[in-house]
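A.B. asks: mmCIF, C-alpha atoms (C1' of nucleotides), file entry-v3.cif:
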data_run
loop_
_atom_site.group_PDB
_atom_site.id
_atom_site.type_symbol
_atom_site.label_atom_id
_atom_site.label_comp_id
_atom_site.auth_asym_id
_atom_site.auth_seq_id
_atom_site.Cartn_x
_atom_site.Cartn_y
_atom_site.Cartn_z
ATOM 1 C CA MET A 206 0.000 0.000 0.000
ATOM 2 C CA VAL A 207 2.545 2.565 1.130
ATOM 3 C CA THR A 208 5.200 1.406 -1.329
ATOM 4 C CA ALA A 209 2.718 1.307 -4.223
ATOM 5 C CA ARG A 210 1.548 4.854 -3.589
ATOM 6 C CA LEU A 211 5.104 6.133 -3.313
ATOM 7 C CA ALA A 212 6.004 4.301 -6.521
ATOM 8 C CA ALA A 213 3.100 5.998 -8.316
ATOM 9 C CA LEU A 214 4.166 9.379 -6.967
ATOM 10 C CA TYR A 215 7.905 8.895 -7.638
ATOM 11 C CA PRO A 216 8.171 6.499 -10.590
ATOM 12 C CA GLY A 217 11.397 5.139 -12.033
ATOM 13 C CA SER A 218 14.356 2.900 -11.314
ATOM 14 C CA ALA A 219 16.855 3.387 -8.498
ATOM 15 C CA LYS A 220 19.260 5.019 -10.914
ATOM 16 C CA GLU A 221 16.548 7.387 -12.123
ATOM 17 C CA LEU A 222 15.428 8.223 -8.583
ATOM 18 C CA CYS A 223 18.918 8.971 -7.313
ATOM 19 C CA ALA A 224 19.353 12.731 -6.984
ATOM 20 C CA LEU A 225 23.150 12.596 -6.690
ATOM 21 C CA ARG A 226 24.492 13.356 -10.161
ATOM 22 C CA HIS A 227 27.132 10.890 -11.343
ATOM 23 C CA ASP A 228 28.277 8.846 -14.344
ATOM 24 C CA ASN A 229 29.839 5.767 -12.735
ATOM 25 C CA PRO A 230 30.170 3.932 -9.386
ATOM 26 C CA PHE A 231 33.327 5.829 -8.451
ATOM 27 C CA GLN A 232 31.589 9.180 -8.864
ATOM 28 C CA LEU A 233 28.554 7.916 -6.948
ATOM 29 C CA LEU A 234 30.793 6.757 -4.112
ATOM 30 C CA VAL A 235 32.447 10.191 -3.954
ATOM 31 C CA ALA A 236 29.106 12.026 -4.094
ATOM 32 C CA THR A 237 27.577 9.846 -1.396
ATOM 33 C CA ILE A 238 30.525 10.358 0.958
ATOM 34 C CA LEU A 239 30.119 14.113 0.443
ATOM 35 C CA SER A 240 26.379 13.909 1.141
ATOM 36 C CA ALA A 241 26.771 13.364 4.893
ATOM 37 C CA GLN A 242 24.816 16.065 6.756
ATOM 38 C CA THR A 243 24.475 18.052 3.528
ATOM 39 C CA THR A 244 21.727 18.504 0.955
ATOM 40 C CA ASP A 245 22.085 16.728 -2.387
ATOM 41 C CA VAL A 246 21.701 20.123 -4.061
ATOM 42 C CA ARG A 247 24.869 21.263 -2.317
ATOM 43 C CA VAL A 248 26.709 18.079 -3.345
ATOM 44 C CA ASN A 249 25.658 18.482 -6.988
ATOM 45 C CA LEU A 250 27.035 22.016 -6.888
ATOM 46 C CA VAL A 251 30.590 20.878 -6.142
ATOM 47 C CA THR A 252 30.861 17.536 -7.972
ATOM 48 C CA PRO A 253 31.242 18.813 -11.571
ATOM 49 C CA ALA A 254 34.509 20.605 -10.776
ATOM 50 C CA LEU A 255 35.543 17.770 -8.475
ATOM 51 C CA PHE A 256 35.021 15.066 -11.114
ATOM 52 C CA ALA A 257 36.786 17.194 -13.711
ATOM 53 C CA ALA A 258 39.837 17.543 -11.452
ATOM 54 C CA TYR A 259 39.796 13.903 -10.264
ATOM 55 C CA PRO A 260 38.043 11.722 -12.854
ATOM 56 C CA ASP A 261 39.186 8.375 -11.426
ATOM 57 C CA PRO A 262 40.501 6.724 -8.234
ATOM 58 C CA ALA A 263 44.136 7.062 -9.349
ATOM 59 C CA SER A 264 43.957 10.848 -9.719
ATOM 60 C CA LEU A 265 41.985 11.280 -6.497
ATOM 61 C CA ALA A 266 44.445 9.068 -4.605
ATOM 62 C CA ARG A 267 47.296 11.488 -5.332
ATOM 63 C CA ALA A 268 45.263 14.687 -4.993
ATOM 64 C CA ASP A 269 46.700 17.646 -3.121
ATOM 65 C CA PRO A 270 44.717 17.681 0.160
ATOM 66 C CA GLU A 271 44.469 21.479 0.251
ATOM 67 C CA LYS A 272 43.092 21.646 -3.278
ATOM 68 C CA LEU A 273 40.657 18.871 -2.504
ATOM 69 C CA GLU A 274 39.513 20.642 0.673
ATOM 70 C CA GLU A 275 38.853 23.808 -1.258
ATOM 71 C CA LEU A 276 36.760 22.004 -3.865
ATOM 72 C CA ILE A 277 34.503 20.346 -1.274
ATOM 73 C CA ARG A 278 34.547 23.013 1.469
ATOM 74 C CA SER A 279 30.926 24.095 1.059
ATOM 75 C CA THR A 280 29.613 20.583 1.750
ATOM 76 C CA GLY A 281 30.684 20.835 5.391
ATOM 77 C CA PHE A 282 32.881 18.446 7.422
ATOM 78 C CA PHE A 283 35.443 19.162 4.708
ATOM 79 C CA ARG A 284 38.539 18.061 6.617
ATOM 80 C CA SER A 285 37.183 14.644 7.548
ATOM 81 C CA LYS A 286 35.630 14.235 4.102
ATOM 82 C CA THR A 287 38.980 15.043 2.485
ATOM 83 C CA LYS A 288 40.646 12.328 4.574
ATOM 84 C CA SER A 289 37.874 9.898 3.689
ATOM 85 C CA LEU A 290 38.085 10.611 -0.049
ATOM 86 C CA LEU A 291 41.874 10.295 -0.150
ATOM 87 C CA GLY A 292 41.845 7.123 1.936
ATOM 88 C CA MET A 293 38.964 5.679 -0.063
ATOM 89 C CA ALA A 294 40.707 6.300 -3.397
ATOM 90 C CA GLN A 295 44.009 4.896 -2.116
ATOM 91 C CA ALA A 296 42.217 1.802 -0.824
ATOM 92 C CA LEU A 297 40.532 1.303 -4.210
ATOM 93 C CA ILE A 298 43.955 1.384 -5.892
ATOM 94 C CA GLU A 299 45.798 -0.724 -3.339
ATOM 95 C CA ARG A 300 43.180 -3.350 -2.544
ATOM 96 C CA PHE A 301 40.602 -3.401 -5.351
ATOM 97 C CA GLY A 302 42.562 -2.769 -8.546
ATOM 98 C CA GLY A 303 41.046 0.681 -8.936
ATOM 99 C CA ASP A 304 37.477 -0.661 -9.103
ATOM 100 C CA VAL A 305 34.616 0.065 -6.720
ATOM 101 C CA PRO A 306 33.725 -3.228 -5.003
ATOM 102 C CA SER A 307 30.149 -4.412 -5.465
ATOM 103 C CA ASP A 308 29.418 -6.061 -2.127
ATOM 104 C CA MET A 309 28.678 -4.737 1.351
ATOM 105 C CA GLU A 310 31.576 -6.498 3.120
ATOM 106 C CA ASP A 311 34.205 -4.869 0.893
ATOM 107 C CA LEU A 312 32.509 -1.469 0.601
ATOM 108 C CA VAL A 313 32.387 -0.860 4.356
ATOM 109 C CA THR A 314 36.144 -1.480 4.630
ATOM 110 C CA LEU A 315 36.704 1.730 2.616
ATOM 111 C CA PRO A 316 37.494 4.865 4.662
ATOM 112 C CA GLY A 317 34.407 7.059 5.010
ATOM 113 C CA VAL A 318 32.037 4.343 3.808
ATOM 114 C CA GLY A 319 29.393 3.041 6.223
ATOM 115 C CA ARG A 320 26.276 0.979 5.585
ATOM 116 C CA LYS A 321 24.258 3.937 4.336
ATOM 117 C CA THR A 322 26.800 4.884 1.671
ATOM 118 C CA ALA A 323 27.360 1.230 0.723
ATOM 119 C CA ASN A 324 23.646 0.611 0.299
ATOM 120 C CA VAL A 325 23.304 3.637 -1.992
ATOM 121 C CA VAL A 326 26.115 2.398 -4.250
ATOM 122 C CA LEU A 327 24.836 -1.195 -4.248
ATOM 123 C CA SER A 328 21.250 -0.305 -5.099
ATOM 124 C CA VAL A 329 21.797 2.566 -7.533
ATOM 125 C CA ASP A 330 24.798 1.431 -9.591
ATOM 126 C CA PHE A 331 25.038 -2.326 -9.029
ATOM 127 C CA GLY A 332 21.356 -3.255 -9.136
ATOM 128 C CA LYS A 333 21.602 -5.071 -5.809
ATOM 129 C CA PRO A 334 19.266 -4.900 -2.798
ATOM 130 C CA GLY A 335 20.186 -2.159 -0.355
ATOM 131 C CA PHE A 336 18.031 -0.087 1.990
ATOM 132 C CA ALA A 337 20.003 3.062 2.731
ATOM 133 C CA VAL A 338 18.935 4.712 5.995
ATOM 134 C CA ASP A 339 19.711 8.407 6.118
ATOM 135 C CA THR A 340 18.031 11.087 8.214
ATOM 136 C CA HIS A 341 14.936 11.198 5.961
ATOM 137 C CA VAL A 342 14.535 7.442 5.681
ATOM 138 C CA GLY A 343 14.850 7.013 9.441
ATOM 139 C CA ARG A 344 12.337 9.758 10.182
ATOM 140 C CA LEU A 345 9.733 8.523 7.679
ATOM 141 C CA SER A 346 10.193 4.888 8.693
ATOM 142 C CA ARG A 347 9.366 5.873 12.267
ATOM 143 C CA ARG A 348 6.454 8.139 11.358
ATOM 144 C CA LEU A 349 4.968 5.417 9.149
ATOM 145 C CA GLY A 350 5.329 2.832 11.909
ATOM 146 C CA PHE A 351 7.836 0.621 10.070
ATOM 147 C CA THR A 352 10.111 0.799 13.094
ATOM 148 C CA ALA A 353 10.343 2.401 16.512
ATOM 149 C CA SER A 354 14.128 2.542 16.629
ATOM 150 C CA PRO A 355 16.357 5.599 16.317
ATOM 151 C CA ASP A 356 19.267 3.309 15.356
ATOM 152 C CA PRO A 357 19.807 3.291 11.549
ATOM 153 C CA GLU A 358 20.980 -0.334 11.552
ATOM 154 C CA VAL A 359 17.852 -1.448 13.391
ATOM 155 C CA VAL A 360 15.674 0.618 11.032
ATOM 156 C CA GLU A 361 17.364 -1.141 8.102
ATOM 157 C CA ARG A 362 16.681 -4.597 9.561
ATOM 158 C CA ASP A 363 13.074 -3.748 10.453
ATOM 159 C CA VAL A 364 12.233 -2.427 6.974
ATOM 160 C CA ASP A 365 14.143 -5.253 5.265
ATOM 161 C CA ALA A 366 11.787 -7.633 7.060
ATOM 162 C CA LEU A 367 8.691 -5.785 5.788
ATOM 163 C CA VAL A 368 9.589 -5.285 2.129
ATOM 164 C CA PRO A 369 10.904 -7.663 -0.580
ATOM 165 C CA PRO A 370 14.619 -7.111 -1.378
ATOM 166 C CA GLU A 371 13.980 -5.946 -4.944
ATOM 167 C CA GLU A 372 12.131 -2.921 -3.516
ATOM 168 C CA TRP A 373 14.694 -1.897 -0.895
ATOM 169 C CA GLY A 374 16.644 0.466 -3.120
ATOM 170 C CA THR A 375 13.735 2.268 -4.735
ATOM 171 C CA LEU A 376 11.807 2.532 -1.454
ATOM 172 C CA SER A 377 14.759 4.187 0.272
ATOM 173 C CA LEU A 378 15.127 6.725 -2.540
ATOM 174 C CA ARG A 379 11.385 7.422 -2.625
ATOM 175 C CA LEU A 380 11.306 7.989 1.140
ATOM 176 C CA ILE A 381 14.119 10.513 0.701
ATOM 177 C CA LEU A 382 12.217 12.373 -2.037
ATOM 178 C CA HIS A 383 9.012 12.311 0.006
ATOM 179 C CA GLY A 384 10.885 13.412 3.124
ATOM 180 C CA ARG A 385 12.268 16.409 1.294
ATOM 181 C CA ALA A 386 9.049 17.476 -0.409
ATOM 182 C CA ILE A 387 6.220 16.541 1.973
ATOM 183 C CA CYS A 388 7.214 14.715 5.154
ATOM 184 C CA VAL A 389 9.758 17.324 6.202
ATOM 185 C CA ALA A 390 11.375 17.231 9.635
ATOM 186 C CA ARG A 391 9.839 20.228 11.403
ATOM 187 C CA THR A 392 6.317 20.730 10.062
ATOM 188 C CA PRO A 393 5.251 17.838 7.808
ATOM 189 C CA ARG A 394 2.683 18.770 5.151
ATOM 190 C CA CYS A 395 0.226 16.003 6.062
ATOM 191 C CA GLY A 396 -2.548 17.813 4.196
ATOM 192 C CA GLU A 397 -0.675 17.228 0.934
ATOM 193 C CA CYS A 398 0.481 13.683 1.723
ATOM 194 C CA VAL A 399 -0.849 10.700 -0.242
ATOM 195 C CA LEU A 400 -0.071 8.490 2.774
ATOM 196 C CA ALA A 401 -1.959 10.538 5.367
ATOM 197 C CA ASP A 402 -4.896 8.127 5.657
ATOM 198 C CA VAL A 403 -2.623 5.187 6.477
ATOM 199 C CA CYS A 404 0.036 7.066 8.456
ATOM 200 C CA PRO A 405 -0.054 6.637 12.256
ATOM 201 C CA SER A 406 1.618 10.031 12.652
ATOM 202 C CA ALA A 407 -0.561 12.052 10.276
ATOM 203 C CA ARG A 408 -1.745 15.364 11.686
ATOM 204 C CA LEU A 409 -3.992 17.725 9.820
ATOM 205 C CA PRO A 410 -3.365 21.438 10.535
ATOM 206 C CA ALA A 411 -5.669 22.941 13.148
ATOM 207 C "C1'" DA B 178 17.892 27.327 16.553
ATOM 208 C "C1'" DT B 179 17.340 23.396 13.485
ATOM 209 C "C1'" DC B 180 18.228 20.493 9.710
ATOM 210 C "C1'" DC B 181 20.674 18.329 5.770
ATOM 211 C "C1'" DC B 182 21.019 11.289 1.383
ATOM 212 C "C1'" DG B 183 26.927 9.903 8.262
ATOM 213 C "C1'" DA B 184 31.108 8.027 9.770
ATOM 214 C "C1'" DG B 185 35.036 7.593 12.865
ATOM 215 C "C1'" DG B 186 36.992 7.886 17.225
ATOM 216 C "C1'" DG B 187 37.195 7.782 22.297
ATOM 217 C "C1'" DC C 121 27.573 4.667 24.533
ATOM 218 C "C1'" DC C 122 28.696 9.190 23.673
ATOM 219 C "C1'" DC C 123 31.336 13.122 21.008
ATOM 220 C "C1'" DT C 124 33.189 15.528 17.021
ATOM 221 C "C1'" DC C 125 33.516 17.056 12.447
ATOM 222 C "C1'" DT C 126 31.610 21.595 9.303
ATOM 223 C "C1'" DG C 127 29.005 24.815 6.127
ATOM 224 C "C1'" DG C 128 24.791 26.545 4.091
ATOM 225 C "C1'" DA C 129 19.734 27.058 4.080
ATOM 226 C "C1'" DT C 130 15.460 28.003 6.489
#
If you convert what's in this file into structure tokens, what do you get?
C.D. replies:
Amino acid sequence: MVTARLAALYPGSAKELCALRHDNPFQLLVATILSAQTTDVRVNLVTPALFAAYPDPASLARADPEKLEELIRSTGFFRSKTKSLLGMAQALIERFGGDVPSDMEDLVTLPGVGRKTANVVLSVDFGKPGFAVDTHVGRLSRRLGFTASPDPEVVERDVDALVPPEEWGTLSLRLILHGRAICVARTPRCGECVLADVCPSARLPA
DNA sequence: ATCCCGAGGG
DNA sequence: CCCTCTGGAT
């Protein structure tokens, strides 16, 4: 019910639903690392110049840290993100032959890559099941009653148990889009929400 | 003041 | 289990 309505509202494949602009798994990995505590709009503002300067893992691995910091500064957390990007690229070269690995166990060994980032890469560019839990997905999963937990890993397990694996990726991306447009953090627009009649948290304005 | 497609370290 | 990292938008 909920997933069908969201699919009607936000149609398309995981790749089509992904708002982070990219042309290959390496670029998606970079963009997703940058997306921590930042809007995707902000990430898309810096990635064109970033991808032009560092088009592949080899060039990013030997990037000048100060130049890299300057290119990503406006995404916030720029010092830790610089370390993550450099370490990630070096790990791709040293341990994975310059290719982005396509399984969870390998992805989470990369610096700056946790389950959320790994699930985005798996579902969007590798066509594999992956329910990425970011701030939107966690909030909507709780409001919709899919879970009661504030822990992203528990949210992931709870939703995985409710939805078939082939829908994990698209559901996560649709929850993000819905969380941005309608089910926003502070004052959700329940009056405009197609899920209001089945949502335990729905509140119509007084 | 709060939030945004989190992850690493203590 | 905290805490910290960081800037931009609302």
A.B. asks: List the spatial neighbours of Val403 of chain A as a list of chain:residue names - criterion: any atom at most 12 Å away, only C-alpha atoms (C1' of nucleotides), same-chain residues fewer than 3 positions off excluded.
C.D. replies: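 So, after excluding close chain neighbours, the residues are A:Met206, A:Val207, A:Thr208, A:Arg210, A:Arg348, A:Leu349, A:Gly350, A:Phe351, A:Cys395, A:Cys398, A:Val399, A:Leu400, A:Ser406, A:Ala407, A:Arg408.
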A.B. asks: Under the rule of at most 10 Å, produce a per-residue listing of chain A near chain C: chain, number, name, the closest pair of atoms, and the distance in Å, as a tab-separated table, using all atoms listed in the file.
C.D. replies:
residue	atom	partner	partner_atom	distance
A:Gln242	CA	C:DT126	C1'	9.1
A:Thr243	CA	C:DG128	C1'	8.5
A:Thr244	CA	C:DG128	C1'	9.2
A:Arg247	CA	C:DG128	C1'	8.3
A:Arg278	CA	C:DG127	C1'	7.5
A:Ser279	CA	C:DG127	C1'	5.5
A:Thr280	CA	C:DG127	C1'	6.1
A:Gly281	CA	C:DT126	C1'	4.1
A:Phe282	CA	C:DT126	C1'	3.9
A:Phe283	CA	C:DT126	C1'	6.5
A:Arg284	CA	C:DC125	C1'	7.8
A:Ser285	CA	C:DC125	C1'	6.6
A:Lys286	CA	C:DC125	C1'	9.1
A.B. asks: Using all atoms listed in the file, which chain B residues lie at most 8 Å away from chain A, written as number ranges by chain?
C.D. replies: B: 180-185
A.B. asks: To one decimal in Å, tell me the separation between atom CA of Val329 of chain A and atom CA of Thr352 of chain A.
C.D. replies: 23.8 Å
A.B. asks: Between atom CA of Glu361 of chain A and atom CA of Gly384 of chain A, what is the spacing in Å?
C.D. replies: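 We find that atom CA of Gly384 of chain A and atom CA of Glu361 of chain A lie 16.7 Å from each other.
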A.B. asks: I'd like the interatomic distance between atom CA of Ser328 of chain A and atom CA of Glu221 of chain A, to a tenth of an Å.
C.D. replies: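 Atom CA of Glu221 of chain A lies 11.4 Å from atom CA of Ser328 of chain A.
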A.B. asks: Contacts of Ser307 of chain A at 10 Å or less, counting only C-alpha atoms (C1' of nucleotides), minus same-chain residues fewer than 4 places along, as a VMD selection string?
C.D. replies: chain A and resid 230 311 to 312 323 326 to 328 330 to 333
A.B. asks: Check which residues satisfy the PyMOL selection byres ((chain A and resi 260) around 12) in the file shown, then give them as a PyMOL selection string.
C.D. replies: chain A and resi 227-233+235+252-259+261-268+294
